[in-house]
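Only one structure is covered here, and it is reproduced in the block below.
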Amino acid sequence: MRSMVFGTLRFDRRSIPAELADLSQWPSADDSALDEQARGLVARRVRAMTLFVDGSTTLQAIGRETGVRINDLYRLFERCIAPHEDGRIHGCRALLPWLHTRRYERRARVATSGADGTSGAFGQLLLRYPELARWIERKVAARSRRETKLEEVHRQIWRLHAGFLAECRKAGIQAHEYPFNRKHLGERSLAKHVNKLAGQQFASAARAAGAEQISHEWQADSEDVRRTATYPYEVVEFDGHKLDVRLTLRIDDPFGFETLLVMRRIWILVLLDVASRAVVGYALAPGREYNRDDVAQALQAALMPHVAREPKIPALRVKRGGGFPSEIIPQAAWACWNTLRFDAAKSHFAKATLERLTTVVGCATDNGPLGQKNERAFIERFFDQLASHFAHRLPATTGRDPRSVERALSDVGGNTSLMMTLDELEDVIDVVLANYNGEPHTGLGGRSPLEAMQFQLARREGLLRTVPEARRGTLCLLQEARIVTIRGNVSRGVRPHVNFKYVRYDSRLLSSMTGLIGQQLRVYFNVKDVRQLHAFFMNGAELGVLTAARPWCFTPHSLRVRQEIFSLIRQRKLVWREGDDPVSTWFAWKKDQARQHARDANDLARMLTDRAKAHAPQQGTLAVANVSSAASNGVRLPTLARPKGEPAPWLTKIFTY
């Protein structure tokens with residue numbers, strides 16, 4: 001029996017793999033576009049291949065039944081199993097008449113005379129000089145990559161052609177050989193080959209063409225396709241959104257004088273349950289961008305039972321049926337989600353954030369394909385509704401773009417008193433989100449998100465996974481561990497201490513223990529207030545609380561504020577006298593700068609909110625921050641200096657609760 005050789009593997013009809021023996025799995029061909037004679041030829045070839053791979057019929061019998069010669073049977077089978085450009089075999093497509101399964105390979109050399117044809121000359125050149133083919137592939141791949149080094153990328157064909165000719169000379173091609181013996185020096189063939197290489201991968205071709213967003217690949221595997229969430233807290237989507245509204249920060253000095261500082265826009269970070277569409281937690285983050293600590297604040301707010309704020313605005317109340325799941329539904333208190341979907345923002349991928357998710361929440365993370373908003377359609381749709389029905393209705397809104405009509409009609413000019421203050425935003429946004437959870441949704445059968453969650457929990461027996469009770473009293477997602485070394489010098493009289501972020505820390509116990517000098521400690525701190533560190537030895541034993549040296553122990557301040565203070569000191573922009581409070585000096589300097597720069601007003605707002613959150617009570621259930629706590633630097637926190645019973649001017653125009 002005749003055998004065939006494929007590379008180094010020799011086999012006959014009896015050794016045909018099972019995946020090739022079933023013609024129903026081969027790529028098919030449509031013969032309806034052919035004439036009657038060609039359709040008959042294709043039918044006879046298909047019947048011949050069916051009998052050939054079956055192996056039970058002799059070759060002579062196949063030839064008598066189908067009219068296909070024995071030699072043609074092996075040739076047709078070889079054509080059918082030849083690889084196709086789409087990654088599969090040719091299959092039944094190779095049985096169509098006049099179809100080529102291999103590219104044309106030129107054998108004759110290209111003559112100097114221009115009258116002779118040059119079909120296949122470029123392919124012959126690449127086969128003779130593989131280094132040229134590899135050089136072209138590298139240049140084409142570089143056209144779709146980001147520039148990471150000082151090297152010119154040849155994006156135009158004529159520039160790439162000049163380098164191609166230089167590589168040809170380097171390879172030893174003479175002037176009388178192709179491509180130098182042609183009029184256009186092979187430029188058109190090079191362009192055709194480059195376009196073919198660039199089009200092989202859609203993502204690289206789209207990037208080279210300037211596409212800002214590339215749709216993800218189609219996934220047929222059922223394991224890779226996201227399943228629909230059907231139970232509360234099965235899948236939670238998380239993202240941040242910059243509110244399209246200008247705000248003011250109200251600061252009252254000890255003498256009662258009021259200062260309004262215009263802020264940049266503020267971020268809102270939301271966690272949305274996919275099954276019920278309910279907002280399970282949120283956090284506000286003043287600043288140009290939010291960071292991993294703001295992400296941790298939002299995660300903490302979603303885990304803890306929500307405590308409703310006491311609004312300072314008269315008549316601002318949550319409507320009947322509204323609220324947050326953790327305060328309305330007992331099962332949702334301290335509930336953990338199974339999967340968290342988020343985008344590829346750097347703050348989401350912070351190591352500390354992922355560790356908090358896996359150790360405290362115990363969930364899986366799914367960031368999805370890059371740049372695909374539809375993969376988190378529910379949170380994106382929620383932000384669109386929040387902008388349309390809330391942010392774009394406020395005075396001083398910036399709208400969706402600089403040319404939006406909302407921006408032009410809501411411009412308050414220089415009258416900053418008409419803008420919403422940060423305190424008002426915190427009160428209103430809490431009510432707006434609570435009311436959203438009580439609004440009927442068409443996608444939920446007319447139920448509100450809270451009603452849908454209660455219905456889903458009652459329909460399916462089972463308990464939600466919650467944070468263990470032993471960890472609830474000490475839950476603090478804002479802490480992270482750092483390794484520090486105990487410093488000191490007995491001969492110089494320097495007591496044992498640790499240095500952390502440019503400041504010395506010690507305690508009554510540590511300063512008296514000489515034998516600890518040189519040992520390492522694990523310290524935990526709250527990034528919202530770094531005046532104290534909680535220290536543990538490397539074996540896990542507790543040392544106690546270490547306090548910052550004077551004057552850093554007086555005024556509450558975050559880690560970011562301290563880093564900025566020392567940065568300004570190095571730049572010689574901030575100076576304070578001996579005995580002064582550096583945080584108070586920084587606050588006064590920022591307050592002066594904020595009159596010209598909204599970024600500095602955002603820094604002040606972040607400091608004040610961080611200070612309030614750092615001093616929020618954390619007994620059993622961590623309470624929501626109260627922004628009205630007094631500042632210890634002589635400047636009161638923002639308050640609503642409006643007579644009792646008098647609503648905000650924008651409230652009477654827009655909101656009715």
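By order in the structure tokens, chains are A, B, ...; within a chain, residues start at 1; ligands start at 1, following the order shown.
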
Using DSSP secondary structure from the backbone, list all helix (DSSP H, G or I) positions within range 310-400 of chain A, as a PyMOL selection string.
chain A and resi 325-328+330-332+351-361+373-389+391-393

All residues 12 Å or closer to Ala377 in chain A, only C-alpha atoms, same chain fewer than 6 positions away omitted, as a PyMOL selection string
chain A and resi 236-239+272-274+277+341-343+368+383-384

Would you output that residue set with N, CA and C atoms, as a compact mmCIF listing (two decimals), in the first residue's frame?
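Result saved to result35.txt:
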```
# COMPACT_ATOMS: atom_id res chain seq x y z
N VAL A 236 -19.82 42.14 41.35
CA VAL A 236 -19.91 43.57 41.66
C VAL A 236 -18.97 44.32 40.73
N GLU A 237 -19.47 45.36 40.10
CA GLU A 237 -18.65 46.18 39.20
C GLU A 237 -18.20 47.44 39.94
N PHE A 238 -16.95 47.83 39.69
CA PHE A 238 -16.36 48.98 40.38
C PHE A 238 -15.67 49.89 39.37
N ASP A 239 -15.85 51.19 39.56
CA ASP A 239 -15.16 52.16 38.71
C ASP A 239 -15.28 53.53 39.36
N LEU A 272 -21.25 48.58 42.29
CA LEU A 272 -22.62 48.31 41.85
C LEU A 272 -22.81 46.81 41.73
N ASP A 273 -23.86 46.30 42.38
CA ASP A 273 -24.19 44.88 42.28
C ASP A 273 -24.87 44.62 40.94
N VAL A 274 -24.37 43.64 40.18
CA VAL A 274 -24.86 43.39 38.83
C VAL A 274 -26.25 42.76 38.84
N ARG A 277 -28.60 45.57 40.44
CA ARG A 277 -28.31 46.95 40.01
C ARG A 277 -28.25 47.92 41.19
N ARG A 341 -15.38 43.25 39.21
CA ARG A 341 -14.99 43.67 37.88
C ARG A 341 -14.53 45.12 37.92
N PHE A 342 -13.39 45.39 37.32
CA PHE A 342 -12.87 46.75 37.28
C PHE A 342 -12.05 46.91 36.01
N ASP A 343 -11.68 48.15 35.71
CA ASP A 343 -10.90 48.40 34.51
C ASP A 343 -9.41 48.37 34.85
N GLY A 368 -11.12 42.31 32.85
CA GLY A 368 -11.65 42.29 31.49
C GLY A 368 -10.66 42.79 30.47
N PHE A 383 -23.17 55.62 35.61
CA PHE A 383 -22.48 56.91 35.60
C PHE A 383 -23.11 57.85 34.57
N ASP A 384 -23.56 57.32 33.45
CA ASP A 384 -24.23 58.15 32.45
C ASP A 384 -25.53 58.73 33.02
```

What's around range 491-503 of chain A at 8 Å? Count only C-alpha atoms, leave out sequence neighbours fewer than 2 positions away in its own chain, and write the answer as a list in words.
Val484, Thr485, Ile486, Arg487, Gly488, Asn489, Tyr505, Asp506, Ser507, Leu510, Ser511, Ser512, Met513, Thr514, Leu516, Ile517, Ala548, Ala549, Trp552, Arg562 and Gln563 of chain A

Counting only C-alpha atoms, closest pick from A:Asp54, A:Asp86, A:Glu131, A:Asp427 relative to Ala315 in chain A is A:Asp427

For Val245 in chain A, which of A:Lys192, A:Arg407, A:His84, A:Arg138 is the closest residue, counting only C-alpha atoms?
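Answer, going by the shortest atom-to-atom distance: A:Arg407.
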
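Summary of the local environment: counting only C-alpha atoms, residues at most 9 Å from Thr365 in chain A, other than itself and those fewer than 5 positions away along its chain, are Asn338, Thr339, Leu340, Arg341, Phe342, Leu354, Leu357 and Thr358 of chain A.
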
Given the selection you just returned, output its residues as a file containing C-alpha atoms, formatted as a compact mmCIF listing (two decimals), in the first residue's frame.
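Dumped everything to out.txt:
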```
# COMPACT_ATOMS: atom_id res chain seq x y z
CA ASN A 338 -17.55 36.74 44.81
CA THR A 339 -16.16 38.60 41.78
CA LEU A 340 -15.10 42.22 41.39
CA ARG A 341 -14.99 43.67 37.88
CA PHE A 342 -12.87 46.75 37.28
CA LEU A 354 -5.34 43.28 45.35
CA LEU A 357 -9.47 42.00 48.01
CA THR A 358 -8.04 38.50 48.39
```

Could you pull out the residues in range 255-396 of chain A that DSSP calls strand (DSSP E or B) from the backbone, as a PyMOL selection string?
chain A and resi 258-263+266-273+279-286+335+339-341+364-366
